[in-house]
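Colleague: Just dropping this structure here.
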Amino acid sequence: MRQKKKLKIYGAIRIVLCLFVLFLIVFPFVWLILSTFKLQKDIIKWPPTIWPKAWTIKNYIKVWSRIPLASYIKNTIIFAGAVSVSSAMLDSLAGYAFARLEFKGKEIIFNIVLLTMLIPFQIIMIPLYLELHIFHILNTYVGLILPRIASAYGMYFMKSFYMGLPKELEEAARVDGMHEFGIYWKIMFPLCKPAFVTFFIFCLTSNWNDLIYPMMMTNSTKMRTLSAGLAMFVGEGVRETGPALAGALISMLPLLVLYCFAQRFFVEGIAVSGLKG
């Protein structure tokens, strides 16, 4: 009986802790949504209130009228989408090569790739800017996308997944006469779908929310991404909290919808990969 009571108490404590953590995660998001429908004076008043005293959609109207939000969204989709797709594909190929193929200098090359993860972006941002300036691709989609079409973390992530797959799969395919790219495309790539989708979401989220890189590589309003555009909007003149919150919510919604649809692959990819090797 005492053991059962202890288990019930521990179970109740776990439930309370889980509900508390859930509250900490959900409450800021709920606050953001409700604040977008508040008047400016209600947002900044003290003590703060959760529910709007007077519901309004003027914050959304202001953010759409003050800045070219549609252009920012288009630029962000092109930039983050192209970078995520290309990086996921190239990193998947590189991860397969480092995990399953044998070639001279493989370990040395992979260690050099991993060492690049230790270099902060702030160190290479000026040389990168000068390089793109020399090639005359600043303030262009090519200049935004090209430096990020592959990543060291993506290669490491995909290599960890491929290391966990049985070698019998590719050995049987080689015996049947299948060439190396065919083994990757027809056998390995379908099996790595959870890891591929997981890394794609990581990459998309990182580039979608990036501020410094797109702001540095663009100098015109038409080429700004959402994060860079909203940062300029908030910094101009008097700070208008309501429209800024409305713009932040609009920028979050696509990622939230994507995660809801890809949640199964995301969780499976994290569980299966295990970051081995």
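Residue numbering restarts at 1 for every chain of the structure tokens, chains are lettered A, B, ... in their displayed order, and ligands are numbered from 1 as they appear.
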Which residues come within 7 Å of Leu34 (chain A), counting only C-alpha atoms, excluding same-chain residues fewer than 4 positions away, as a CSV table (one decimal) with N, CA and C atoms, in the first residue's frame?
Modeller:
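For reference, around-v4.csv as written:
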```
chain,number,residue,atom,x,y,z
A,30,VAL,N,0.7,32.8,-25.9
A,30,VAL,CA,-0.7,33.4,-25.7
A,30,VAL,C,-0.6,34.9,-25.5
A,38,LYS,N,-4.3,44.5,-28.7
A,38,LYS,CA,-4.5,45.5,-27.7
A,38,LYS,C,-4.1,46.9,-28.2
A,51,TRP,N,-5.9,40.1,-20.8
A,51,TRP,CA,-7.0,40.3,-21.9
A,51,TRP,C,-7.1,41.8,-22.3
A,52,PRO,N,-7.2,42.0,-23.6
A,52,PRO,CA,-7.4,43.4,-24.1
A,52,PRO,C,-8.7,44.0,-23.5
```
Colleague: Find the spatial neighbours of region 172-181 of chain A, counting only C-alpha atoms, within a cut-off of 12 Å - ignore same-chain residues fewer than 2 positions away - and output them as a list in words.
Modeller: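 Counting only the stated atoms, we get Leu93, Ala94, Tyr96, Ala97, Arg100, Leu101, Glu102, Pro166, Lys167, Glu168, Leu169, Glu170, Ile183, Tyr184, Trp185, Lys186, Ile187, Met188 and Phe189 of chain A.
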Colleague: Save out the residues we just selected, N, CA and C atoms, as a PDB file, in the first residue's frame.
Modeller:
```
ATOM      1  N   LEU A  93      24.046  14.144 -48.943  1.00  0.00           N
ATOM      2  CA  LEU A  93      25.020  13.483 -49.806  1.00  0.00           C
ATOM      3  C   LEU A  93      26.392  13.385 -49.132  1.00  0.00           C
ATOM      4  N   ALA A  94      26.834  14.496 -48.537  1.00  0.00           N
ATOM      5  CA  ALA A  94      28.135  14.505 -47.872  1.00  0.00           C
ATOM      6  C   ALA A  94      28.135  13.578 -46.657  1.00  0.00           C
ATOM      7  N   TYR A  96      26.353  10.904 -46.268  1.00  0.00           N
ATOM      8  CA  TYR A  96      26.409   9.523 -46.760  1.00  0.00           C
ATOM      9  C   TYR A  96      27.837   9.155 -47.167  1.00  0.00           C
ATOM     10  N   ALA A  97      28.520  10.081 -47.839  1.00  0.00           N
ATOM     11  CA  ALA A  97      29.893   9.809 -48.269  1.00  0.00           C
ATOM     12  C   ALA A  97      30.816   9.601 -47.070  1.00  0.00           C
ATOM     13  N   ARG A 100      29.546   6.099 -45.237  1.00  0.00           N
ATOM     14  CA  ARG A 100      29.478   4.792 -45.883  1.00  0.00           C
ATOM     15  C   ARG A 100      30.574   4.524 -46.923  1.00  0.00           C
ATOM     16  N   LEU A 101      31.214   5.559 -47.434  1.00  0.00           N
ATOM     17  CA  LEU A 101      32.223   5.357 -48.472  1.00  0.00           C
ATOM     18  C   LEU A 101      33.621   5.369 -47.864  1.00  0.00           C
ATOM     19  N   GLU A 102      34.525   4.732 -48.551  1.00  0.00           N
ATOM     20  CA  GLU A 102      35.927   4.716 -48.138  1.00  0.00           C
ATOM     21  C   GLU A 102      36.762   5.433 -49.192  1.00  0.00           C
ATOM     22  N   PRO A 166      22.181  -0.465 -41.178  1.00  0.00           N
ATOM     23  CA  PRO A 166      22.967  -1.703 -41.392  1.00  0.00           C
ATOM     24  C   PRO A 166      23.711  -1.681 -42.727  1.00  0.00           C
ATOM     25  N   LYS A 167      24.940  -2.141 -42.708  1.00  0.00           N
ATOM     26  CA  LYS A 167      25.755  -2.158 -43.925  1.00  0.00           C
ATOM     27  C   LYS A 167      25.282  -3.196 -44.936  1.00  0.00           C
ATOM     28  N   GLU A 168      24.507  -4.179 -44.474  1.00  0.00           N
ATOM     29  CA  GLU A 168      24.023  -5.220 -45.382  1.00  0.00           C
ATOM     30  C   GLU A 168      23.178  -4.655 -46.506  1.00  0.00           C
ATOM     31  N   LEU A 169      22.538  -3.519 -46.266  1.00  0.00           N
ATOM     32  CA  LEU A 169      21.674  -2.921 -47.289  1.00  0.00           C
ATOM     33  C   LEU A 169      22.490  -2.530 -48.526  1.00  0.00           C
ATOM     34  N   GLU A 170      23.563  -1.798 -48.328  1.00  0.00           N
ATOM     35  CA  GLU A 170      24.354  -1.345 -49.470  1.00  0.00           C
ATOM     36  C   GLU A 170      25.190  -2.489 -50.055  1.00  0.00           C
ATOM     37  N   ILE A 183      22.475   3.500 -54.986  1.00  0.00           N
ATOM     38  CA  ILE A 183      22.329   2.990 -53.622  1.00  0.00           C
ATOM     39  C   ILE A 183      21.844   4.106 -52.702  1.00  0.00           C
ATOM     40  N   TYR A 184      22.463   5.276 -52.871  1.00  0.00           N
ATOM     41  CA  TYR A 184      22.055   6.411 -52.029  1.00  0.00           C
ATOM     42  C   TYR A 184      20.611   6.808 -52.308  1.00  0.00           C
ATOM     43  N   TRP A 185      20.274   6.994 -53.592  1.00  0.00           N
ATOM     44  CA  TRP A 185      18.987   7.577 -53.942  1.00  0.00           C
ATOM     45  C   TRP A 185      17.812   6.607 -53.744  1.00  0.00           C
ATOM     46  N   LYS A 186      18.026   5.334 -54.053  1.00  0.00           N
ATOM     47  CA  LYS A 186      16.919   4.377 -54.016  1.00  0.00           C
ATOM     48  C   LYS A 186      16.804   3.610 -52.690  1.00  0.00           C
ATOM     49  N   ILE A 187      17.904   3.534 -51.935  1.00  0.00           N
ATOM     50  CA  ILE A 187      17.880   2.753 -50.704  1.00  0.00           C
ATOM     51  C   ILE A 187      18.085   3.633 -49.472  1.00  0.00           C
ATOM     52  N   MET A 188      19.177   4.396 -49.449  1.00  0.00           N
ATOM     53  CA  MET A 188      19.530   5.155 -48.261  1.00  0.00           C
ATOM     54  C   MET A 188      18.668   6.396 -48.051  1.00  0.00           C
ATOM     55  N   PHE A 189      18.425   7.140 -49.127  1.00  0.00           N
ATOM     56  CA  PHE A 189      17.669   8.385 -48.967  1.00  0.00           C
ATOM     57  C   PHE A 189      16.248   8.156 -48.448  1.00  0.00           C
TER      58      PHE A 189
END
```
Colleague: Go through A:Ala152, A:Ile250, A:Ile126, A:Leu230 one by one, measure the shortest atom-to-atom distance of each to Met216 (chain A) using only C-alpha atoms, and give the residue with the smallest value.
Modeller: A:Ile126
Colleague: Which residues are close to Ile145 (chain A), i.e. within 12 Å by only C-alpha atoms, leaving aside same-chain residues fewer than 2 positions away? Reply as a CSV table (one decimal) with N, CA and C atoms, in the first residue's frame.
Modeller:
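Saved as selection.csv:
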```
chain,number,residue,atom,x,y,z
A,75,ASN,N,10.8,37.4,-49.8
A,75,ASN,CA,12.2,37.3,-49.8
A,75,ASN,C,12.7,36.2,-48.8
A,76,THR,N,11.9,36.2,-47.6
A,76,THR,CA,12.3,35.2,-46.6
A,76,THR,C,12.0,33.8,-47.1
A,77,ILE,N,10.9,33.6,-47.8
A,77,ILE,CA,10.5,32.2,-48.3
A,77,ILE,C,11.6,31.8,-49.3
A,78,ILE,N,12.0,32.7,-50.2
A,78,ILE,CA,13.0,32.4,-51.3
A,78,ILE,C,14.3,32.0,-50.6
A,79,PHE,N,14.8,32.9,-49.7
A,79,PHE,CA,16.1,32.8,-49.1
A,79,PHE,C,16.1,31.5,-48.2
A,80,ALA,N,15.2,31.4,-47.2
A,80,ALA,CA,15.2,30.3,-46.2
A,80,ALA,C,14.8,29.0,-46.9
A,81,GLY,N,13.9,29.0,-47.8
A,81,GLY,CA,13.5,27.8,-48.5
A,81,GLY,C,14.6,27.2,-49.4
A,82,ALA,N,15.2,28.1,-50.2
A,82,ALA,CA,16.3,27.6,-51.1
A,82,ALA,C,17.5,27.1,-50.3
A,83,VAL,N,17.9,27.9,-49.2
A,83,VAL,CA,19.0,27.4,-48.4
A,83,VAL,C,18.7,26.1,-47.7
A,84,SER,N,17.5,26.0,-47.2
A,84,SER,CA,17.1,24.7,-46.5
A,84,SER,C,17.1,23.5,-47.4
A,85,VAL,N,16.5,23.7,-48.6
A,85,VAL,CA,16.5,22.5,-49.5
A,85,VAL,C,17.8,22.1,-50.0
A,86,SER,N,18.6,23.1,-50.4
A,86,SER,CA,20.0,22.8,-51.0
A,86,SER,C,20.9,22.3,-49.9
A,87,SER,N,20.8,22.9,-48.7
A,87,SER,CA,21.7,22.4,-47.6
A,87,SER,C,21.3,21.0,-47.2
A,132,LEU,N,31.7,38.6,-51.5
A,132,LEU,CA,30.5,38.8,-52.3
A,132,LEU,C,30.5,40.1,-53.0
A,137,ILE,N,27.6,40.2,-56.2
A,137,ILE,CA,26.4,39.5,-55.9
A,137,ILE,C,25.8,39.9,-54.5
A,138,LEU,N,26.3,41.0,-54.0
A,138,LEU,CA,25.6,41.6,-52.8
A,138,LEU,C,24.2,42.1,-53.2
A,139,ASN,N,23.3,42.0,-52.3
A,139,ASN,CA,21.9,42.5,-52.5
A,139,ASN,C,21.2,41.7,-53.5
A,140,THR,N,21.5,40.4,-53.7
A,140,THR,CA,20.9,39.5,-54.6
A,140,THR,C,20.5,38.2,-53.9
A,141,TYR,N,19.6,37.5,-54.5
A,141,TYR,CA,19.2,36.2,-54.0
A,141,TYR,C,20.4,35.2,-54.0
A,142,VAL,N,21.2,35.3,-55.1
A,142,VAL,CA,22.4,34.4,-55.2
A,142,VAL,C,23.4,34.7,-54.0
A,143,GLY,N,23.6,36.0,-53.7
A,143,GLY,CA,24.5,36.3,-52.6
A,143,GLY,C,24.0,35.9,-51.3
A,147,PRO,N,26.4,31.3,-49.9
A,147,PRO,CA,27.3,31.0,-48.8
A,147,PRO,C,26.7,30.0,-47.8
A,148,ARG,N,25.4,29.7,-48.0
A,148,ARG,CA,24.8,28.8,-47.0
A,148,ARG,C,24.2,27.5,-47.6
A,149,ILE,N,24.7,27.1,-48.8
A,149,ILE,CA,24.1,26.0,-49.4
A,149,ILE,C,24.5,24.7,-48.8
A,150,ALA,N,25.5,24.7,-47.8
A,150,ALA,CA,25.9,23.5,-47.1
A,150,ALA,C,26.4,24.0,-45.7
A,207,ASN,N,17.4,30.0,-40.6
A,207,ASN,CA,17.6,31.0,-41.6
A,207,ASN,C,16.3,31.9,-41.7
A,213,TYR,N,22.9,38.1,-40.7
A,213,TYR,CA,23.4,37.7,-42.0
A,213,TYR,C,22.6,38.4,-43.2
A,214,PRO,N,21.2,38.3,-43.2
A,214,PRO,CA,20.5,39.0,-44.3
A,214,PRO,C,20.6,40.5,-44.3
A,217,MET,N,24.0,41.4,-45.8
A,217,MET,CA,24.1,41.1,-47.3
A,217,MET,C,23.1,41.8,-48.2
A,218,THR,N,22.3,42.6,-47.6
A,218,THR,CA,21.3,43.4,-48.4
A,218,THR,C,21.4,44.9,-47.9
```
Colleague: Find, counting only C-alpha atoms, the residue in A:Lys6, A:Lys58, A:Lys222, A:Lys193 that gets nearest to Ala88 (chain A).
Modeller: A:Lys193
Colleague: Of the residues A:Val63, A:Asn111, A:Lys41, A:Pro190, which is the one nearest to Ala244 (chain A), using only C-alpha atoms?
Modeller: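 Once distances to Ala244 (chain A) are computed over only C-alpha atoms, the minimum belongs to A:Val63.
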Colleague: Between CA of Leu114 (chain A) and CA of Met155 (chain A), measure the distance and give it in Å to one decimal.
Modeller: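 Atom-to-atom, CA of Leu114 (chain A) and CA of Met155 (chain A) are spaced 8.8 Å apart.
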Colleague: Give the answer as one residue: which of A:Pro68, A:Lys104, A:Ile33, A:Gly95 has the shortest atom-to-atom distance to Leu253 (chain A), using only C-alpha atoms?
Modeller: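 Among the listed residues, the smallest separation from Leu253 (chain A) belongs to A:Ile33.
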Colleague: Based on DSSP run over this structure's backbone, return all residues of region 54-254 of chain A in helix (DSSP H, G or I), as a ChimeraX atom specification.
Modeller: /A:58-66,69-100,106-118,121-134,141-148,152-163,168-175,180-191,193-208,212-217,221-223,226-235,241-254
Colleague: Do a neighbour search on Pro254 (chain A) at 12 Å with only C-alpha atoms, toss out local chain neighbours closer than 6 positions, and write the hits as a ChimeraX atom specification.
Modeller: /A:73,76-77,80-81,201,204-205,208-209,226,248,260-261
Colleague: Work out how far apart CA of Thr241 (chain A) and CA of Leu39 (chain A) are and give it in Å to one decimal.
Modeller: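 For CA of Thr241 (chain A) relative to CA of Leu39 (chain A), the distance reads 9.4 Å.
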Colleague: Which of these residues is nearest to Phe200 (chain A), using only C-alpha atoms: A:Leu249, A:Ile212, A:Asp91, A:Arg224?
Modeller: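 Among the listed residues, A:Asp91 lies closest to Phe200 (chain A).
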Colleague: Rounded to one decimal place, report the CA of Ser65 (chain A)-CA of Thr36 (chain A) distance in Å.
Modeller: 15.6 Å
